[in-house]
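Okay, structure first, notes after.
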Amino acid sequence: MMKSSSKNNIQWGNIRFVPILHNRMEFAIEVRRQFDEFRPDHVAVEYPDTLESKILKGVKRLPYLSVVYYEEIEGEFTYLLIEPTDGQIEAIRLALAAGTPVNFIDRDTEDYPLDFSPMPDPYVVRKIGHFIFCQAYLKVHEYYAFPEDVLREKTMAFHLRRLSKKGERILFVGGLSHLPGILELLNQPQTQVIGRRKREGVGLAHLHRDSSREIMTEMPCLAAAYEHARSKGNPDELDRLKINSGLIEIAKKSHWKNNKEELSRSQTKILNKFARNYALLSGQLVPNFYQLIVAARGAADDNFSYEVWEKGSEYPWQTEEPGLPILRLKGEDLFLDHRRIRFHRQLKTMRRRLIPVPVRKKKREKYPGQWRESFKGFSICSYPPEDVVIEGYGQYLQKKAIEIKSEENTRIVPFTCSMMEGLDIRETIRDWTSGKVYVKEEKPLTGKVGSVVVIFDPDFPDEEGKDDFPWCVTWLGEHDQESDMAFYSTPAGAVMDGPAISRCQYGGFMLTYPPLRVYDIWRDPFFDMARNKPERLLMAALDYSIEKHVVYVAATPPSGRCRSIAAHLGKKIIYLPIGTFSPVTLKKIRQFHVLDGHHVRKYARQYI
């Protein structure tokens with residue numbers, strides 16, 4: 001018979017049941033709570049004894065991830081991932097630590113049918129308690145068992161009855177869906193079901209780092225948070241919602257570091273609302289990892305979505321020498337109900353082709369910090385394809401400034417005795433009732449554009465005096481097709497895209513032509529009167545420009561001091577608001593790479 005104690009626990013005689021949803025953190029926490037409360041003499045888990053030795057070895061390796069594998073049909077393997085957030089694994093770990101015997105009481109069943117039946121959100125356990133959760137599930141769940149499940153439940157009931165005869169306290173941890181069948185069978189005498197008693201070829205392997213990002217049941221960073229809290233003895237304080245919020249905050253900081261873009265409050269609010277609604281549509285209370293990634297892309301862009309995936313899929317316990325074979329697995333290997341998501345982190349300009357072009361997979365570091373070790377910074381240089389882009393954009397700004405200035409020098413006047421530069425049809429039609437004809441009168445623009453200054457971020461120091469773009473550099477052109485350049489940016493070596501290849505972002509830059517004329521403007525005392533970096537760049541642009549006009553692209557107009565200096569030098573500043581330009585294009589040219597030596601250019605295209 002089934003009865004509940006005063007503390008609302010499911011018991012049958014001297015057996016306490018802890019039904020779980022497999023690989024869910026809330027149930028692992030509940031197993032810990034009930035283990036400490038019940039103090040069992042034996043622990044029984046829903047695993048077959050044919051896998052006992054390998055599972056125990058894998059559990060002892062935690063927090064390193066292990067996979068138990070064996071061949072069922074020729075060429076087809078079955079894989080069992082040992083995860084720290086699984087309730088059964090937690091029960092085994094607690095039993096091993098306390099010296100309590102562990103009993104593997106399930107039946108070894110081959111060709112077991114896949115079951116994707118929907119289950120309640122495990123987060124509910126934290127709010128209403130484990131007993132009420134199980135009670136509510138049993139009320140609404142119509143019990144149905146596959147033939148294989150009947151044999152398994154008979155086997156587990158047989159072993160539980162045998163263990164209960166000793167009169168000792170037994171803690172059983174198994175799947176919630178099996179609870180009704182086992183409880184019913186316990187009230188009847190059972191005989192041992194015929195089945196496999198021994199299995200050959202069972203192996204244990206270490207899970208590869210890339211595979212841990214894909215096949216873990218829980219979000220890897222959540223599993224890592226559980227493991228950290230477990231080591232400190234306080235996993236009860238973990239909250240799935242808080243972990244999700246913490247992930248978003250970490251991703252926002254990483255997004256700022258790598259892309260120098262900050263999510264606004266409204267974007268964060270939209271992200272949370274999007275993720276919540278997506279979860280509710282799928283019958284869940286808390287968004288899962290996939291839903292968080294999709295919400296991040298919807299609220300921001302693919303770059304931020306990638307940061308969420310990158311940080312959320314990190315499981316820190318990895319090793320290059322695990323002492324076991326290393327196994328790479330994909331979702332297809334475990335028949336997971338997985339979904340794919342593609343990140344388009346850069347604007348694709350390739351035309352569609354009849355024959356698909358193979359996409360090169362991005363290379364990764366063998367261990368964190370590997371690529372940074374090879375970056376010394378003694379002989380840096382630029383990446384030529386990016387030089388072509390930035391020079392082309394500088395020429396575009398020069399041409400656009402001339403066009404805008406020419407339009408400002410054009411006025412529309414009534415026709416009197418000369419057609420001037422031609423008939424203005426628009427104004428003539430607009431004032432058609434007056435019978436007047438209007439013509440264009442253009443005043444020629446004297447002088448050309450010499451230097452170009454673009455300010456993405458003025459980089460004013462914060463309260464602590466820290467700058468976001470502390471690296472100030474002056475680069476000379478390598479040939480006649482390149483201009484001299486001065487810029488301030490994120491520091492080289494902070495973000496690595498390959499060995500000796502660092503990714504940076506401009507805070508602002510200045511281009512001036514012809515090349516090989518500019519002294520280091522950041523050390524030149526002539527510009528020390530500048531109050532900030534944008535002023536210094538603009539002053540240098542005015543000083544080194546051999547033409548009359550200088551283009552200044554920024555969010556705010558140039559200061560009065562810079563206008564006075566321009567007038568003193570006989571120059572003119574053409575101000576263009578940065579908001580009038582395509583944000584996609586600005587985002588593309590703002591990112592650049594620094595190579596540690598010219599030899600790096602030979603292989604840089606493999607990483608950039």
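All residue names refer to the structure tokens as shown: chains lettered A, B, ... in order, residues numbered from 1 in each chain, ligands numbered from 1 in order.
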Give me, as a ChimeraX atom specification, all polymer residues having an atom no more than 7 Å from Leu576 in chain A, counting only C-alpha atoms and skipping those fewer than 3 positions away in the same chain. /A:552-554
Based on the selection just made, write C-alpha atoms of those residues as a CSV table (one decimal), in the first residue's frame.
```csv
chain,number,residue,atom,x,y,z
A,552,TYR,CA,34.1,64.8,-39.3
A,553,VAL,CA,31.5,62.0,-38.6
A,554,ALA,CA,30.3,61.8,-35.0
```
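Those residues of range 188-251 of chain A that DSSP, working from the backbone, places in strand (DSSP E) are Gly203, Leu204, Ala205, His206 and Leu207 of chain A.
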With C-alpha atoms kept, could you save the residues just selected as a tab-separated table (two decimals), in the first residue's frame?
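part-v4.tsv, written as the output of this step:
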```
chain	number	residue	atom	x	y	z
A	203	GLY	CA	32.87	0.90	-22.23
A	204	LEU	CA	33.44	4.20	-20.49
A	205	ALA	CA	34.67	7.31	-22.30
A	206	HIS	CA	35.33	10.96	-21.51
A	207	LEU	CA	32.92	13.33	-23.28
```
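Using only C-alpha atoms, the smallest distance between any of A:Thr217, A:Thr580, A:Thr433, A:Asn187 and Asn288 in chain A comes from A:Thr217.
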Spatial neighbours of range 481-486 of chain A, max dist 10 Å, only C-alpha atoms, sep filter under 4 positions, as a PyMOL selection string: chain A and resi 387-388+390-392+394+451-453+472-477+508-522+536-537+540-541+544
Give me the residues near range 218-229 of chain A as a VMD selection string, where near means some atom within 8 Å (using only C-alpha atoms) and where sequence neighbours in that chain fewer than 2 positions away do not count. chain A and resid 23 to 25 63 84 to 85 212 to 213 216 231 to 235 238 240 243 288 to 289 311 to 316
Residue subset to file, keeping N, CA and C atoms, as an mmCIF file, in the first residue's frame:
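Output file out-v9.cif follows:
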```
data_model
loop_
_atom_site.group_PDB
_atom_site.id
_atom_site.type_symbol
_atom_site.label_atom_id
_atom_site.label_comp_id
_atom_site.auth_asym_id
_atom_site.auth_seq_id
_atom_site.Cartn_x
_atom_site.Cartn_y
_atom_site.Cartn_z
ATOM 1 N N ASN A 23 17.504 13.886 -15.147
ATOM 2 C CA ASN A 23 18.394 14.971 -15.553
ATOM 3 C C ASN A 23 17.770 16.350 -15.368
ATOM 4 N N ARG A 24 17.075 16.544 -14.256
ATOM 5 C CA ARG A 24 16.528 17.854 -13.934
ATOM 6 C C ARG A 24 17.042 18.275 -12.563
ATOM 7 N N MET A 25 17.574 19.495 -12.497
ATOM 8 C CA MET A 25 18.282 19.959 -11.310
ATOM 9 C C MET A 25 17.406 19.942 -10.056
ATOM 10 N N PRO A 63 33.372 16.010 -11.259
ATOM 11 C CA PRO A 63 32.553 16.675 -12.271
ATOM 12 C C PRO A 63 32.957 16.472 -13.726
ATOM 13 N N PRO A 84 25.747 15.514 -13.664
ATOM 14 C CA PRO A 84 25.635 15.798 -12.221
ATOM 15 C C PRO A 84 24.235 16.208 -11.788
ATOM 16 N N THR A 85 23.391 16.683 -12.708
ATOM 17 C CA THR A 85 22.061 17.156 -12.328
ATOM 18 C C THR A 85 21.010 16.056 -12.335
ATOM 19 N N SER A 212 29.865 18.405 -25.104
ATOM 20 C CA SER A 212 29.170 18.842 -23.890
ATOM 21 C C SER A 212 28.319 20.072 -24.161
ATOM 22 N N ARG A 213 28.678 20.854 -25.165
ATOM 23 C CA ARG A 213 27.889 22.034 -25.522
ATOM 24 C C ARG A 213 26.575 21.652 -26.192
ATOM 25 N N MET A 216 24.145 17.837 -23.456
ATOM 26 C CA MET A 216 23.749 17.803 -22.050
ATOM 27 C C MET A 216 22.264 18.139 -21.934
ATOM 28 N N SER A 231 29.531 21.611 -4.310
ATOM 29 C CA SER A 231 30.830 21.544 -3.645
ATOM 30 C C SER A 231 30.884 22.413 -2.391
ATOM 31 N N LYS A 232 30.030 23.458 -2.375
ATOM 32 C CA LYS A 232 29.960 24.341 -1.205
ATOM 33 C C LYS A 232 28.906 23.886 -0.211
ATOM 34 N N GLY A 233 28.107 22.867 -0.594
ATOM 35 C CA GLY A 233 27.103 22.318 0.312
ATOM 36 C C GLY A 233 25.807 23.086 0.372
ATOM 37 N N ASN A 234 25.533 23.971 -0.625
ATOM 38 C CA ASN A 234 24.279 24.741 -0.573
ATOM 39 C C ASN A 234 23.548 24.779 -1.916
ATOM 40 N N PRO A 235 23.315 23.619 -2.568
ATOM 41 C CA PRO A 235 22.580 23.648 -3.836
ATOM 42 C C PRO A 235 21.100 23.998 -3.675
ATOM 43 N N LEU A 238 19.814 27.279 -5.254
ATOM 44 C CA LEU A 238 19.801 27.498 -6.701
ATOM 45 C C LEU A 238 18.386 27.721 -7.207
ATOM 46 N N ARG A 240 16.439 28.333 -10.989
ATOM 47 C CA ARG A 240 16.625 28.290 -12.447
ATOM 48 C C ARG A 240 16.434 29.670 -13.081
ATOM 49 N N ILE A 243 19.491 31.798 -12.455
ATOM 50 C CA ILE A 243 20.624 31.361 -13.283
ATOM 51 C C ILE A 243 20.467 31.876 -14.710
ATOM 52 N N ASN A 288 13.802 27.426 -21.722
ATOM 53 C CA ASN A 288 14.988 26.572 -21.797
ATOM 54 C C ASN A 288 16.090 27.288 -22.560
ATOM 55 N N PHE A 289 17.198 26.599 -22.751
ATOM 56 C CA PHE A 289 18.379 27.212 -23.364
ATOM 57 C C PHE A 289 18.084 27.691 -24.787
ATOM 58 N N LYS A 311 28.360 31.465 -23.611
ATOM 59 C CA LYS A 311 28.473 31.432 -22.144
ATOM 60 C C LYS A 311 27.567 30.363 -21.538
ATOM 61 N N GLY A 312 26.379 30.173 -22.128
ATOM 62 C CA GLY A 312 25.462 29.181 -21.576
ATOM 63 C C GLY A 312 25.898 27.759 -21.808
ATOM 64 N N SER A 313 26.695 27.518 -22.846
ATOM 65 C CA SER A 313 27.123 26.152 -23.164
ATOM 66 C C SER A 313 28.497 25.822 -22.593
ATOM 67 N N GLU A 314 28.999 26.670 -21.715
ATOM 68 C CA GLU A 314 30.298 26.417 -21.088
ATOM 69 C C GLU A 314 30.140 25.460 -19.908
ATOM 70 N N TYR A 315 30.874 24.371 -19.952
ATOM 71 C CA TYR A 315 30.978 23.470 -18.796
ATOM 72 C C TYR A 315 32.468 23.415 -18.447
ATOM 73 N N PRO A 316 32.871 24.046 -17.346
ATOM 74 C CA PRO A 316 34.293 24.323 -17.115
ATOM 75 C C PRO A 316 35.173 23.119 -16.839
#
```
Determine which residues of range 428-537 of chain A receive a DSSP assignment of alpha helix (DSSP H), computed from the backbone, and state them as a short mmCIF file (atom, residue, chain, number, x, y, z; two decimals) with C-alpha atoms, in the first residue's frame.
```cif
data_model
loop_
_atom_site.label_atom_id
_atom_site.label_comp_id
_atom_site.auth_asym_id
_atom_site.auth_seq_id
_atom_site.Cartn_x
_atom_site.Cartn_y
_atom_site.Cartn_z
CA THR A 428 8.26 75.20 -61.02
CA ILE A 429 5.40 72.69 -60.65
CA ARG A 430 4.97 73.53 -56.97
CA LYS A 533 40.50 61.73 -27.94
CA PRO A 534 37.99 62.93 -30.59
CA GLU A 535 39.41 66.46 -30.37
CA ARG A 536 42.95 65.14 -30.74
CA LEU A 537 42.03 63.18 -33.85
#
```
Go through A:Glu403, A:Asp302, A:Glu237, A:Asp41 and flag the residue nearest Ile574 in chain A, using only C-alpha atoms for the distances. A:Glu403
So which residues touch Ile589 in chain A within 9 Å, counting only C-alpha atoms, skipping near sequence neighbours fewer than 6 positions away, as JSON, numbers by chain? {"A": [386, 389, 390, 393, 505, 506]}
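The neighbours of His255 in chain A here are the residues that come within 7 Å of it, using only C-alpha atoms and leaving out any residue fewer than 4 positions away in the same chain; they are A:Ala251, A:Asn259, A:Lys260, A:Glu261, A:Phe304, A:Glu307.
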Could you check which of A:Leu138, A:Leu80, A:Ala98, A:Ile73 is closest to Pro19 in chain A, using only C-alpha atoms? A:Leu138
Length of the CA of Leu271 in chain A to CA of Gly298 in chain A vector [Å]: 7.3 Å
Set the distance at 12 Å and use only C-alpha atoms: which residues neighbour Asp467 in chain A once local chain neighbours fewer than 6 positions away are removed? I'd like the list as number ranges by chain. A: 457-461, 488-491, 507, 532-533
Include N, CA and C atoms and write out the residues we just selected as a short mmCIF file (atom, residue, chain, number, x, y, z; two decimals), in the first residue's frame.
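What landed in part.cif:
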```
data_model
loop_
_atom_site.label_atom_id
_atom_site.label_comp_id
_atom_site.auth_asym_id
_atom_site.auth_seq_id
_atom_site.Cartn_x
_atom_site.Cartn_y
_atom_site.Cartn_z
N ASP A 457 32.62 56.29 -30.63
CA ASP A 457 32.39 56.46 -29.20
C ASP A 457 33.39 57.48 -28.68
N PRO A 458 32.92 58.58 -28.05
CA PRO A 458 33.87 59.59 -27.56
C PRO A 458 34.77 59.09 -26.46
N ASP A 459 34.39 57.98 -25.79
CA ASP A 459 35.23 57.34 -24.77
C ASP A 459 35.64 58.29 -23.66
N PHE A 460 34.63 58.94 -23.06
CA PHE A 460 34.93 59.77 -21.89
C PHE A 460 35.18 58.85 -20.70
N PRO A 461 36.19 59.10 -19.89
CA PRO A 461 36.49 58.23 -18.74
C PRO A 461 35.33 58.19 -17.75
N TYR A 488 41.97 55.18 -31.77
CA TYR A 488 41.93 54.62 -30.41
C TYR A 488 40.91 53.49 -30.43
N SER A 489 41.22 52.41 -29.70
CA SER A 489 40.40 51.18 -29.79
C SER A 489 40.54 50.36 -28.53
N THR A 490 39.86 49.22 -28.53
CA THR A 490 40.04 48.24 -27.47
C THR A 490 41.46 47.67 -27.57
N PRO A 491 42.05 47.22 -26.48
CA PRO A 491 43.45 46.81 -26.51
C PRO A 491 43.69 45.54 -27.32
N GLY A 507 37.23 52.96 -31.39
CA GLY A 507 36.42 53.97 -30.73
C GLY A 507 36.31 55.18 -31.65
N ASN A 532 40.07 65.71 -25.22
CA ASN A 532 39.69 64.30 -25.29
C ASN A 532 40.21 63.70 -26.58
N LYS A 533 39.98 62.44 -26.77
CA LYS A 533 40.50 61.73 -27.94
C LYS A 533 39.88 62.20 -29.25
#
```
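For the pair CA of Ser374 in chain A and CA of Pro499 in chain A, the separation is 6.0 Å.
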Between A:Pro368, A:Gly570, A:Pro48, A:Pro101, which is the closest to Val495 in chain A once you count only C-alpha atoms? A:Pro368
